[in-house]
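*Asks:* Here you go, this is my_file_27.pdb (PDB, C-alpha atoms and all ligand atoms).
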ATOM      1  CA  MET A   1      -8.323 -75.558  89.983
ATOM      2  CA  GLN A   2      -7.313 -75.774  86.363
ATOM      3  CA  LEU A   3      -7.944 -78.846  84.243
ATOM      4  CA  CYS A   4      -5.197 -79.649  81.728
ATOM      5  CA  SER A   5      -5.968 -82.339  79.220
ATOM      6  CA  ASN A   6      -2.721 -82.361  77.304
ATOM      7  CA  ILE A   7       0.986 -82.518  78.017
ATOM      8  CA  ASP A   8       1.964 -79.141  76.542
ATOM      9  CA  GLN A   9      -0.714 -77.384  78.558
ATOM     10  CA  ILE A  10       0.402 -78.741  81.947
ATOM     11  CA  ARG A  11       4.086 -78.222  81.124
ATOM     12  CA  THR A  12       3.447 -74.564  80.207
ATOM     13  CA  LYS A  13       1.497 -73.986  83.438
ATOM     14  CA  LEU A  14       4.228 -75.493  85.615
ATOM     15  CA  LEU A  15       7.173 -73.794  83.922
ATOM     16  CA  PRO A  16       7.121 -70.565  85.998
ATOM     17  CA  LEU A  17       6.906 -72.548  89.257
ATOM     18  CA  ARG A  18       9.853 -74.657  88.223
ATOM     19  CA  ASP A  19      11.849 -71.513  87.294
ATOM     20  CA  GLU A  20      11.082 -70.124  90.771
ATOM     21  CA  LYS A  21      12.298 -73.437  92.282
ATOM     22  CA  GLN A  22       8.940 -73.980  93.970
ATOM     23  CA  THR A  23       7.951 -77.398  95.324
ATOM     24  CA  ILE A  24       5.583 -79.275  93.028
ATOM     25  CA  ALA A  25       3.618 -82.304  94.273
ATOM     26  CA  LEU A  26       2.283 -85.012  92.019
ATOM     27  CA  VAL A  27      -0.528 -87.265  93.213
ATOM     28  CA  PRO A  28      -0.918 -89.894  90.455
ATOM     29  CA  THR A  29      -4.384 -91.505  90.364
ATOM     30  CA  MET A  30      -6.681 -93.422  88.068
ATOM     31  CA  GLY A  31      -9.662 -91.320  89.202
ATOM     32  CA  ALA A  32     -12.803 -92.582  90.979
ATOM     33  CA  LEU A  33     -11.420 -90.543  93.826
ATOM     34  CA  HIS A  34     -12.193 -91.384  97.458
ATOM     35  CA  GLN A  35     -11.013 -90.316 100.897
ATOM     36  CA  GLY A  36      -7.809 -92.320 100.468
ATOM     37  CA  HIS A  37      -6.850 -90.141  97.491
ATOM     38  CA  MET A  38      -7.898 -86.998  99.341
ATOM     39  CA  ARG A  39      -5.571 -87.972 102.174
ATOM     40  CA  LEU A  40      -2.722 -88.019  99.639
ATOM     41  CA  VAL A  41      -3.835 -84.574  98.460
ATOM     42  CA  THR A  42      -3.869 -83.195 102.019
ATOM     43  CA  CYS A  43      -0.340 -84.515 102.658
ATOM     44  CA  ALA A  44       0.801 -83.041  99.339
ATOM     45  CA  GLN A  45      -0.706 -79.649 100.200
ATOM     46  CA  LYS A  46       1.073 -79.654 103.571
ATOM     47  CA  MET A  47       4.431 -80.316 101.970
ATOM     48  CA  CYS A  48       4.339 -78.494  98.621
ATOM     49  CA  LYS A  49       3.483 -75.137  97.121
ATOM     50  CA  CYS A  50       1.648 -76.532  94.091
ATOM     51  CA  VAL A  51      -0.349 -79.770  93.873
ATOM     52  CA  VAL A  52      -1.021 -81.596  90.603
ATOM     53  CA  VAL A  53      -3.379 -84.586  90.625
ATOM     54  CA  SER A  54      -3.199 -86.762  87.530
ATOM     55  CA  ILE A  55      -6.189 -88.841  86.463
ATOM     56  CA  PHE A  56      -5.443 -91.518  83.899
ATOM     57  CA  VAL A  57      -6.811 -95.050  83.746
ATOM     58  CA  ASN A  58      -3.653 -96.619  82.410
ATOM     59  CA  PRO A  59      -4.476 -99.475  80.028
ATOM     60  CA  LYS A  60      -0.924-100.857  80.240
ATOM     61  CA  GLN A  61      -1.326-101.947  83.838
ATOM     62  CA  PHE A  62      -4.412-104.086  83.181
ATOM     63  CA  GLY A  63      -3.959-107.628  81.900
ATOM     64  CA  GLU A  64      -6.249-109.437  79.511
ATOM     65  CA  GLY A  65      -9.572-110.207  81.178
ATOM     66  CA  GLU A  66      -8.924-107.714  83.981
ATOM     67  CA  ASP A  67     -11.280-104.873  84.851
ATOM     68  CA  PHE A  68      -9.999-102.068  82.555
ATOM     69  CA  ASP A  69     -13.385-101.640  80.860
ATOM     70  CA  ASN A  70     -15.304-101.792  84.146
ATOM     71  CA  TYR A  71     -12.873 -99.644  86.107
ATOM     72  CA  PRO A  72     -14.986 -96.844  87.660
ATOM     73  CA  ARG A  73     -14.628 -93.512  85.832
ATOM     74  CA  ASN A  74     -16.242 -90.200  86.760
ATOM     75  CA  LEU A  75     -14.140 -87.202  85.776
ATOM     76  CA  ALA A  76     -16.867 -84.667  86.617
ATOM     77  CA  ALA A  77     -17.245 -85.936  90.212
ATOM     78  CA  ASP A  78     -13.456 -86.172  90.572
ATOM     79  CA  GLN A  79     -13.045 -82.578  89.414
ATOM     80  CA  THR A  80     -15.636 -81.363  91.936
ATOM     81  CA  LEU A  81     -13.774 -83.121  94.757
ATOM     82  CA  LEU A  82     -10.384 -81.746  93.698
ATOM     83  CA  GLU A  83     -11.779 -78.250  93.215
ATOM     84  CA  ALA A  84     -13.323 -78.306  96.723
ATOM     85  CA  ALA A  85     -10.007 -79.487  98.157
ATOM     86  CA  GLY A  86      -8.154 -76.558  96.571
ATOM     87  CA  VAL A  87      -5.946 -78.623  94.260
ATOM     88  CA  ASP A  88      -4.031 -76.422  91.794
ATOM     89  CA  TYR A  89      -4.050 -78.574  88.646
ATOM     90  CA  CYS A  90      -5.772 -81.722  87.455
ATOM     91  CA  PHE A  91      -3.911 -83.405  84.601
ATOM     92  CA  ALA A  92      -6.278 -85.740  82.733
ATOM     93  CA  PRO A  93      -4.694 -86.717  79.401
ATOM     94  CA  LEU A  94      -6.184 -88.890  76.669
ATOM     95  CA  THR A  95      -4.867 -92.419  76.146
ATOM     96  CA  GLN A  96      -3.708 -91.604  72.641
ATOM     97  CA  GLU A  97      -1.445 -88.838  73.920
ATOM     98  CA  MET A  98       0.076 -90.910  76.720
ATOM     99  CA  TRP A  99       0.417 -94.069  74.659
ATOM    100  CA  PRO A 100       0.589 -93.204  70.964
ATOM    101  CA  ASP A 101       0.515 -96.238  68.692
ATOM    102  CA  ASN A 102       4.251 -96.120  67.999
ATOM    103  CA  ASN A 103       5.373 -96.235  71.670
ATOM    104  CA  GLU A 104       7.708 -99.110  72.524
ATOM    105  CA  THR A 105       9.667 -98.125  75.643
ATOM    106  CA  VAL A 106       8.915 -99.810  78.963
ATOM    107  CA  VAL A 107      10.283 -99.454  82.479
ATOM    108  CA  GLU A 108      10.530-102.601  84.559
ATOM    109  CA  THR A 109      11.928-103.290  88.003
ATOM    110  CA  VAL A 110      12.823-106.788  86.939
ATOM    111  CA  ARG A 111      12.636-108.716  90.235
ATOM    112  CA  LEU A 112      10.126-106.641  92.199
ATOM    113  CA  ALA A 113       7.686-106.451  89.303
ATOM    114  CA  ASN A 114       7.389-110.188  88.941
ATOM    115  CA  ILE A 115       6.894-111.489  92.468
ATOM    116  CA  LEU A 116       3.752-111.530  94.655
ATOM    117  CA  MET A 117       0.996-109.519  92.913
ATOM    118  CA  GLY A 118       3.294-109.262  89.892
ATOM    119  CA  ALA A 119       3.182-113.053  89.523
ATOM    120  CA  LEU A 120      -0.635-112.987  89.700
ATOM    121  CA  ARG A 121      -0.810-110.033  87.291
ATOM    122  CA  PRO A 122       1.989-110.427  84.720
ATOM    123  CA  GLY A 123       2.949-107.059  83.207
ATOM    124  CA  HIS A 124       1.006-105.040  85.792
ATOM    125  CA  PHE A 125       3.979-103.401  87.523
ATOM    126  CA  ARG A 126       5.744-102.827  84.209
ATOM    127  CA  GLY A 127       2.656-100.846  83.191
ATOM    128  CA  VAL A 128       2.662 -98.960  86.484
ATOM    129  CA  ALA A 129       6.395 -98.120  86.391
ATOM    130  CA  SER A 130       6.177 -97.058  82.737
ATOM    131  CA  ILE A 131       3.274 -94.658  83.284
ATOM    132  CA  VAL A 132       4.693 -93.252  86.522
ATOM    133  CA  ALA A 133       8.057 -92.642  84.792
ATOM    134  CA  LYS A 134       6.213 -90.755  82.045
ATOM    135  CA  LEU A 135       4.244 -88.710  84.581
ATOM    136  CA  PHE A 136       7.479 -87.861  86.409
ATOM    137  CA  ASN A 137       9.000 -86.650  83.144
ATOM    138  CA  ILE A 138       5.928 -84.632  82.194
ATOM    139  CA  ILE A 139       5.221 -82.990  85.578
ATOM    140  CA  GLN A 140       8.771 -83.064  86.982
ATOM    141  CA  PRO A 141       7.484 -83.013  90.552
ATOM    142  CA  THR A 142       9.751 -82.425  93.534
ATOM    143  CA  HIS A 143       7.549 -84.802  95.594
ATOM    144  CA  ALA A 144       5.175 -87.626  94.616
ATOM    145  CA  PHE A 145       2.570 -89.200  96.887
ATOM    146  CA  PHE A 146       1.385 -92.822  96.842
ATOM    147  CA  GLY A 147      -0.872 -94.834  99.155
ATOM    148  CA  GLU A 148       0.716 -97.492 101.363
ATOM    149  CA  LYS A 149      -2.207 -99.821 100.588
ATOM    150  CA  ASP A 150      -0.544-100.651  97.271
ATOM    151  CA  PHE A 151       2.580-101.659  99.139
ATOM    152  CA  GLN A 152       4.310-103.493  96.310
ATOM    153  CA  GLN A 153       3.559-100.624  93.916
ATOM    154  CA  LEU A 154       5.238 -98.241  96.342
ATOM    155  CA  ALA A 155       8.273-100.547  96.568
ATOM    156  CA  VAL A 156       8.453-100.747  92.745
ATOM    157  CA  ILE A 157       8.315 -96.960  92.418
ATOM    158  CA  ARG A 158      10.936 -96.362  95.110
ATOM    159  CA  ARG A 159      13.223 -98.889  93.361
ATOM    160  CA  MET A 160      12.677 -97.243  89.964
ATOM    161  CA  VAL A 161      13.367 -93.758  91.363
ATOM    162  CA  GLU A 162      16.601 -94.934  92.963
ATOM    163  CA  ASP A 163      17.736 -97.016  89.980
ATOM    164  CA  LEU A 164      16.993 -94.328  87.381
ATOM    165  CA  ASN A 165      17.955 -91.307  89.518
ATOM    166  CA  PHE A 166      14.655 -89.483  89.240
ATOM    167  CA  PRO A 167      15.042 -86.235  91.247
ATOM    168  CA  VAL A 168      11.795 -86.729  93.173
ATOM    169  CA  GLU A 169      11.032 -87.551  96.786
ATOM    170  CA  ILE A 170       8.541 -90.415  97.165
ATOM    171  CA  ILE A 171       6.133 -90.106 100.078
ATOM    172  CA  GLY A 172       4.083 -93.126 101.222
ATOM    173  CA  VAL A 173       0.802 -92.221 102.895
ATOM    174  CA  PRO A 174      -0.959 -94.568 105.391
ATOM    175  CA  ILE A 175      -4.180 -96.328 104.366
ATOM    176  CA  ALA A 176      -7.522 -94.546 104.791
ATOM    177  CA  ARG A 177     -10.129 -96.976 106.162
ATOM    178  CA  ASP A 178     -13.915 -97.064 106.334
ATOM    179  CA  GLN A 179     -15.590 -97.454 109.748
ATOM    180  CA  ASP A 180     -15.472-101.260 109.525
ATOM    181  CA  GLY A 181     -11.740-101.123 108.809
ATOM    182  CA  VAL A 182     -11.965-101.886 105.070
ATOM    183  CA  ALA A 183      -9.212-100.065 103.175
ATOM    184  CA  GLN A 184     -10.634 -97.407 100.860
ATOM    185  CA  SER A 185     -10.230 -98.315  97.221
ATOM    186  CA  SER A 186     -11.861 -97.298  93.952
ATOM    187  CA  ARG A 187     -12.652-100.997  93.444
ATOM    188  CA  ASN A 188     -14.921-101.029  96.549
ATOM    189  CA  LYS A 189     -17.493 -99.362  94.283
ATOM    190  CA  LEU A 190     -17.632-102.559  92.224
ATOM    191  CA  LEU A 191     -18.703-104.759  95.192
ATOM    192  CA  SER A 192     -22.316-105.828  95.766
ATOM    193  CA  SER A 193     -23.695-104.846  99.171
ATOM    194  CA  ASP A 194     -23.162-108.399 100.474
ATOM    195  CA  GLU A 195     -19.584-108.419  99.197
ATOM    196  CA  ARG A 196     -18.911-104.991 100.709
ATOM    197  CA  ARG A 197     -20.193-106.258 104.086
ATOM    198  CA  ALA A 198     -18.083-109.413 103.757
ATOM    199  CA  ALA A 199     -14.931-107.407 102.904
ATOM    200  CA  ALA A 200     -14.652-106.436 106.589
ATOM    201  CA  ILE A 201     -13.097-109.864 107.063
ATOM    202  CA  ILE A 202      -9.842-108.521 105.521
ATOM    203  CA  PRO A 203      -8.954-106.010 108.263
ATOM    204  CA  GLN A 204     -10.113-108.634 110.783
ATOM    205  CA  ALA A 205      -7.580-111.076 109.319
ATOM    206  CA  CYS A 206      -4.841-108.423 109.596
ATOM    207  CA  ALA A 207      -5.895-107.781 113.198
ATOM    208  CA  ALA A 208      -5.688-111.514 113.979
ATOM    209  CA  ALA A 209      -2.109-111.676 112.696
ATOM    210  CA  ALA A 210      -1.273-108.500 114.643
ATOM    211  CA  GLN A 211      -2.737-110.041 117.819
ATOM    212  CA  CYS A 212      -0.756-113.219 117.275
ATOM    213  CA  TYR A 213       2.399-111.109 116.914
ATOM    214  CA  ALA A 214       1.503-109.123 120.059
ATOM    215  CA  ASN A 215       1.231-112.462 121.888
ATOM    216  CA  GLY A 216       4.866-113.141 121.024
ATOM    217  CA  GLU A 217       4.588-115.203 117.819
ATOM    218  CA  ARG A 218       7.442-114.479 115.380
ATOM    219  CA  GLN A 219       7.169-117.414 112.931
ATOM    220  CA  THR A 220       5.937-116.176 109.557
ATOM    221  CA  ALA A 221       3.967-119.381 108.889
ATOM    222  CA  SER A 222       2.023-118.993 112.165
ATOM    223  CA  LEU A 223       1.240-115.305 111.546
ATOM    224  CA  ILE A 224       0.017-116.106 108.020
ATOM    225  CA  SER A 225      -2.036-118.989 109.365
ATOM    226  CA  ALA A 226      -3.734-116.681 111.904
ATOM    227  CA  ALA A 227      -4.819-114.368 109.051
ATOM    228  CA  ARG A 228      -5.906-117.276 106.819
ATOM    229  CA  THR A 229      -8.046-118.865 109.567
ATOM    230  CA  VAL A 230     -10.059-115.653 109.909
ATOM    231  CA  LEU A 231     -10.445-115.152 106.134
ATOM    232  CA  MET A 232     -11.709-118.724 105.755
ATOM    233  CA  ARG A 233     -14.681-117.894 107.986
ATOM    234  CA  GLU A 234     -16.149-115.698 105.247
ATOM    235  CA  PRO A 235     -17.716-117.782 102.444
ATOM    236  CA  LEU A 236     -17.658-114.863  99.958
ATOM    237  CA  ALA A 237     -13.907-114.322 100.409
ATOM    238  CA  ILE A 238     -11.711-116.049  97.820
ATOM    239  CA  ILE A 239      -8.167-115.995  99.153
ATOM    240  CA  GLU A 240      -5.685-115.250  96.337
ATOM    241  CA  SER A 241      -2.534-114.824  98.369
ATOM    242  CA  ILE A 242      -1.249-114.147 101.871
ATOM    243  CA  ASP A 243       2.436-113.343 102.223
ATOM    244  CA  LEU A 244       4.687-111.942 104.889
ATOM    245  CA  ARG A 245       7.751-110.240 103.457
ATOM    246  CA  ASP A 246      10.624-107.927 104.341
ATOM    247  CA  CYS A 247       9.251-104.378 104.047
ATOM    248  CA  GLN A 248      12.038-103.038 101.896
ATOM    249  CA  THR A 249      13.037-105.881  99.604
ATOM    250  CA  LEU A 250       9.787-107.895  99.706
ATOM    251  CA  THR A 251      11.911-111.033 100.058
ATOM    252  CA  GLU A 252      10.695-113.961 102.155
ATOM    253  CA  THR A 253      11.364-113.827 105.849
ATOM    254  CA  PRO A 254      10.709-117.104 107.716
ATOM    255  CA  ILE A 255      10.938-115.443 111.112
ATOM    256  CA  LEU A 256      10.469-111.810 112.162
ATOM    257  CA  LEU A 257      13.679-110.764 113.860
ATOM    258  CA  ASP A 258      15.198-107.348 113.372
ATOM    259  CA  ARG A 259      13.708-105.826 110.219
ATOM    260  CA  PRO A 260      10.234-104.428 109.531
ATOM    261  CA  ALA A 261       8.005-106.895 107.713
ATOM    262  CA  VAL A 262       4.684-106.596 105.946
ATOM    263  CA  LEU A 263       1.702-108.918 105.716
ATOM    264  CA  LEU A 264       0.217-108.660 102.207
ATOM    265  CA  LEU A 265      -3.279-109.939 101.506
ATOM    266  CA  SER A 266      -5.067-110.308  98.199
ATOM    267  CA  VAL A 267      -8.664-111.463  98.440
ATOM    268  CA  ARG A 268     -11.361-111.607  95.768
ATOM    269  CA  PHE A 269     -15.055-111.068  96.212
ATOM    270  CA  GLY A 270     -16.604-112.302  92.959
ATOM    271  CA  GLN A 271     -14.480-110.689  90.245
ATOM    272  CA  VAL A 272     -13.268-107.834  92.470
ATOM    273  CA  ARG A 273      -9.771-108.112  93.902
ATOM    274  CA  LEU A 274      -9.099-106.247  97.162
ATOM    275  CA  ILE A 275      -5.674-105.894  98.718
ATOM    276  CA  ASP A 276      -4.590-104.853 102.182
ATOM    277  CA  GLN A 277      -1.509-104.965 104.353
ATOM    278  CA  HIS A 278      -0.293-104.797 107.917
ATOM    279  CA  ILE A 279       3.194-103.659 108.864
ATOM    280  CA  PHE A 280       5.065-105.304 111.732
ATOM    281  CA  ASN A 281       7.449-102.677 113.016
ATOM    282  CA  VAL A 282       9.889-105.176 114.420
ATOM    283  CA  THR A 283      12.577-102.521 114.871
ATOM    284  CA  GLU A 284      10.329-100.443 117.140
ATOM    285  CA  ASP A 285       9.720-103.498 119.336
ATOM    286  CA  ILE A 286      13.403-104.148 119.947
ATOM    287  CA  LEU A 287      14.314-100.520 120.752
TER     288      LEU A 287
HETATM  289  O1  LIG B   1      -2.282 -96.545  92.167
HETATM  290  C1  LIG B   1      -2.784 -96.150  91.095
HETATM  291  O2  LIG B   1      -3.869 -95.566  91.087
HETATM  292  C2  LIG B   1      -2.048 -96.401  89.797
HETATM  293  O3  LIG B   1      -1.393 -97.611  89.806
HETATM  294  C3  LIG B   1      -1.088 -95.243  89.416
HETATM  295  C4  LIG B   1       0.031 -95.100  90.429
HETATM  296  C5  LIG B   1      -1.872 -93.947  89.318
HETATM  297  C6  LIG B   1      -0.445 -95.536  88.049
HETATM  298  O4  LIG B   1      -1.404 -95.641  87.063
END
What do you get writing this file as structure tokens?

*Replies:*
Amino acid sequence: MQLCSNIDQIRTKLLPLRDEKQTIALVPTMGALHQGHMRLVTCAQKMCKCVVVSIFVNPKQFGEGEDFDNYPRNLAADQTLLEAAGVDYCFAPLTQEMWPDNNETVVETVRLANILMGALRPGHFRGVASIVAKLFNIIQPTHAFFGEKDFQQLAVIRRMVEDLNFPVEIIGVPIARDQDGVAQSSRNKLLSSDERRAAAIIPQACAAAAQCYANGERQTASLISAARTVLMREPLAIIESIDLRDCQTLTETPILLDRPAVLLLSVRFGQVRLIDQHIFNVTEDIL
């Protein structure tokens, strides 16, 4: 694996591949890599000739008082993991090169960026869309891979790609989970051992809503209430939001009828925010 720490370097490396019309995968990350990221890498390797993993803790997607300074960083360990996995290139630029002082352009999916997690974290999805747009322009991948855990992020990126005609195929990859069902996330590293144990309540809440649905319940309010009841059993869990939305548009859906819907949970343990989701494949049920 080759490490490229500036834009010219990675562009020069990828030029011959692009000339040969080879498939190039981009797996954008903020480092602190875990099995969830490696699952994205495996999917990328199956689908593309060359795999580029970017590592950049993007300051523009962290609000004031959020965990930018504490966000886990370990480039050496990340490199070892990527090397062992047979990744072709790791692109790890410096902040000053990605966001020079005179930058002023932003990319914003106006509606999607400001609902749900976007309302809790103003500016977050603008920061995400702006950095992902830059990465797409720098790497010019044919395919880009994102985890389905960050469901709203995936929706924002799909919207941006369609709206701005980026010639890239977006692939969503299912969540990787620990043995107790907790979704893998770089932020899990920030939990105390008690908080990590308590976090298992999140997949249990998703399972409760799924069970309620399996029993025939279709009212959004009842499915949300089933998840909330379980979360409330855990004293360390601070519920930030529970929503059930249309999978594609993320608009409210009072009753699950004929379109896939997604349950979105945001729960804090101390200062650490964890998110998770469960998809109700309504269309599969009515086929
Ligand atoms: O999901 C992430 O790790 C980040 O939001 C991303 C997509 C790498 C943009 O910084």

*Asks:* Can you pull out every residue with an atom within 9 Å of ligand LIG 1 (chain B)? Use only C-alpha atoms and all ligand atoms and format it as a PyMOL selection string.

*Replies:* chain A and resi 27-31+37+54-61+124-125+127-132+135+146-147+150+153-154+157+186

*Asks:* Between CA of Val282 (chain A) and CA of Asp246 (chain A), what is the distance in Å, rounded to a tenth?

*Replies:*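 Rounded to one decimal, the two atoms are 10.5 Å apart.
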
*Asks:* Just the residues within 12 Å of Asn70 (chain A), please, counting all atoms listed in the file, with nothing from its chain fewer than 4 positions along; format it as a list of chain:residue names.

*Replies:* A:Ala32, A:Val57, A:Pro59, A:Phe62, A:Gly65, A:Glu66, A:Asn74, A:Ser186, A:Arg187, A:Lys189, A:Leu190, A:Leu191, A:Gln271, A:Val272

*Asks:* Between CA of Thr109 (chain A) and CA of Arg159 (chain A), what distance in Å does the model show, to one decimal?

*Replies:*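 One can read the CA of Thr109 (chain A) to CA of Arg159 (chain A) distance as 7.1 Å.
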
*Asks:* What is the CA of Gly63 (chain A) to CA of Ile279 (chain A) distance in Å?

*Replies:*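 Taking CA of Gly63 (chain A) and CA of Ile279 (chain A), their separation equals 28.2 Å.
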
*Asks:* From the options A:Leu33, A:Ile242, A:Leu120, A:Leu94, which residue's atoms come nearest to Thr80 (chain A), counting only C-alpha atoms?

*Replies:* A:Leu33

*Asks:* Find the residues near Pro141 (chain A): any atom within 12 Å, counting only C-alpha atoms, skip ones fewer than 5 places away on the same chain, and give them as an MDAnalysis selection string.

*Replies:* chainID A and resid 10:11 14:15 17:18 21:28 44 48:54 132:136 166:171

*Asks:* Take the PyMOL selection byres (((chain A and resi 175) around 12) and not hetatm), run it mentally on this structure, and tell me the resulting residues as a VMD selection string.

*Replies:* chain A and resid 34 to 40 146 to 151 172 to 174 176 to 178 181 to 185 203 275 to 279

*Asks:* Please determine, counting all atoms listed in the file, which residue among A:Ala77, A:Leu256, A:Ile7, A:Ala84 has the shortest atom-to-atom distance to Glu217 (chain A).

*Replies:*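 Among A:Ala77, A:Leu256, A:Ile7, A:Ala84, it is A:Leu256 that comes nearest to Glu217 (chain A).
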
*Asks:* Written as a VMD selection string, what is the full residue list that the PyMOL selection byres (((chain A and resi 2) around 10) and not hetatm) yields on the file shown?

*Replies:* chain A and resid 1 3 to 5 10 13 52 79 82 to 83 87 to 91

*Asks:* Compare A:Glu234, A:Arg197, A:Gln96, A:Ile224 by their minimum atom-to-atom distance to Gln179 (chain A), counting all atoms listed in the file, and give me the closest one.

*Replies:*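 With all atoms listed in the file as the atom set, the closest residue is A:Arg197.
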
*Asks:* Which polymer residues have any atom within 9 Å of an atom of Tyr213 (chain A), counting all atoms listed in the file, with same-chain residues fewer than 5 positions away left out, as a list of chain:residue names?

*Replies:*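 Returned residues: A:Ala208, A:Arg218, A:Gln219, A:Leu223, A:Phe280.
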
*Asks:* With C-alpha atoms retained, export the selected residues as a PDB file, in the coordinates of the input.

*Replies:*
ATOM      1  CA  ALA A 208      -5.688-111.514 113.979  1.00  0.00           C
ATOM      2  CA  ARG A 218       7.442-114.479 115.380  1.00  0.00           C
ATOM      3  CA  GLN A 219       7.169-117.414 112.931  1.00  0.00           C
ATOM      4  CA  LEU A 223       1.240-115.305 111.546  1.00  0.00           C
ATOM      5  CA  PHE A 280       5.065-105.304 111.732  1.00  0.00           C
TER       6      PHE A 280
END

*Asks:* To test the calculation: enclose all listed atoms of region 157-167 of chain A in a box whose edges run along x, y and z, add 8 Å on each side, then state centre and edge lengths in Å to one decimal, as lines of an AutoDock Vina configuration file.

*Replies:*
center_x = 13.1
center_y = -92.6
center_z = 91.2
size_x = 25.6
size_y = 28.7
size_z = 23.7

*Asks:* Near Asn281 (chain A), counting all atoms listed in the file, which residues have an atom at most 12 Å away, once you skip same-chain residues fewer than 4 positions from it, shown as a list in words?

*Replies:*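 Skipping anything fewer than 4 positions along the chain leaves Ala210, Tyr213, Ala214, Asp246, Cys247, Leu256, Leu257, Asp258, Arg259, Pro260, Ala261, Val262, Leu263, Asp285, Ile286 and Leu287 of chain A.
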
*Asks:* At a cut-off of 10 Å, using only C-alpha atoms, what residues contact Thr249 (chain A)? Leave out same-chain residues fewer than 5 positions from it and give the result as a PDB file with C-alpha atoms, in the frame of the given file.

*Replies:*
ATOM      1  CA  ARG A 111      12.636-108.716  90.235  1.00  0.00           C
ATOM      2  CA  LEU A 112      10.126-106.641  92.199  1.00  0.00           C
ATOM      3  CA  GLN A 152       4.310-103.493  96.310  1.00  0.00           C
ATOM      4  CA  ALA A 155       8.273-100.547  96.568  1.00  0.00           C
ATOM      5  CA  VAL A 156       8.453-100.747  92.745  1.00  0.00           C
ATOM      6  CA  ARG A 159      13.223 -98.889  93.361  1.00  0.00           C
ATOM      7  CA  ALA A 261       8.005-106.895 107.713  1.00  0.00           C
TER       8      ALA A 261
END

*Asks:* Choose the residue, out of A:Gln248, A:Thr42, A:Ser266, A:Thr253, that has the smallest atom-to-atom separation from Leu231 (chain A); count all atoms listed in the file.

*Replies:*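 With all atoms listed in the file as the atom set, the closest residue is A:Ser266.
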
*Asks:* Using only C-alpha atoms, pick whichever of A:Gly270, A:Thr95, A:Leu265, A:Thr142 has the shortest atom-to-atom distance to Asp243 (chain A).

*Replies:*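 Of the candidates, the smallest distance to Asp243 (chain A) is held by A:Leu265.
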
*Asks:* Between A:Met160, A:Leu116, A:Met98, A:Ala205, which is the closest to Arg233 (chain A) once you count all atoms listed in the file?

*Replies:*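 Of A:Met160, A:Leu116, A:Met98, A:Ala205, the one nearest Arg233 (chain A) is A:Ala205, counting all atoms listed in the file.
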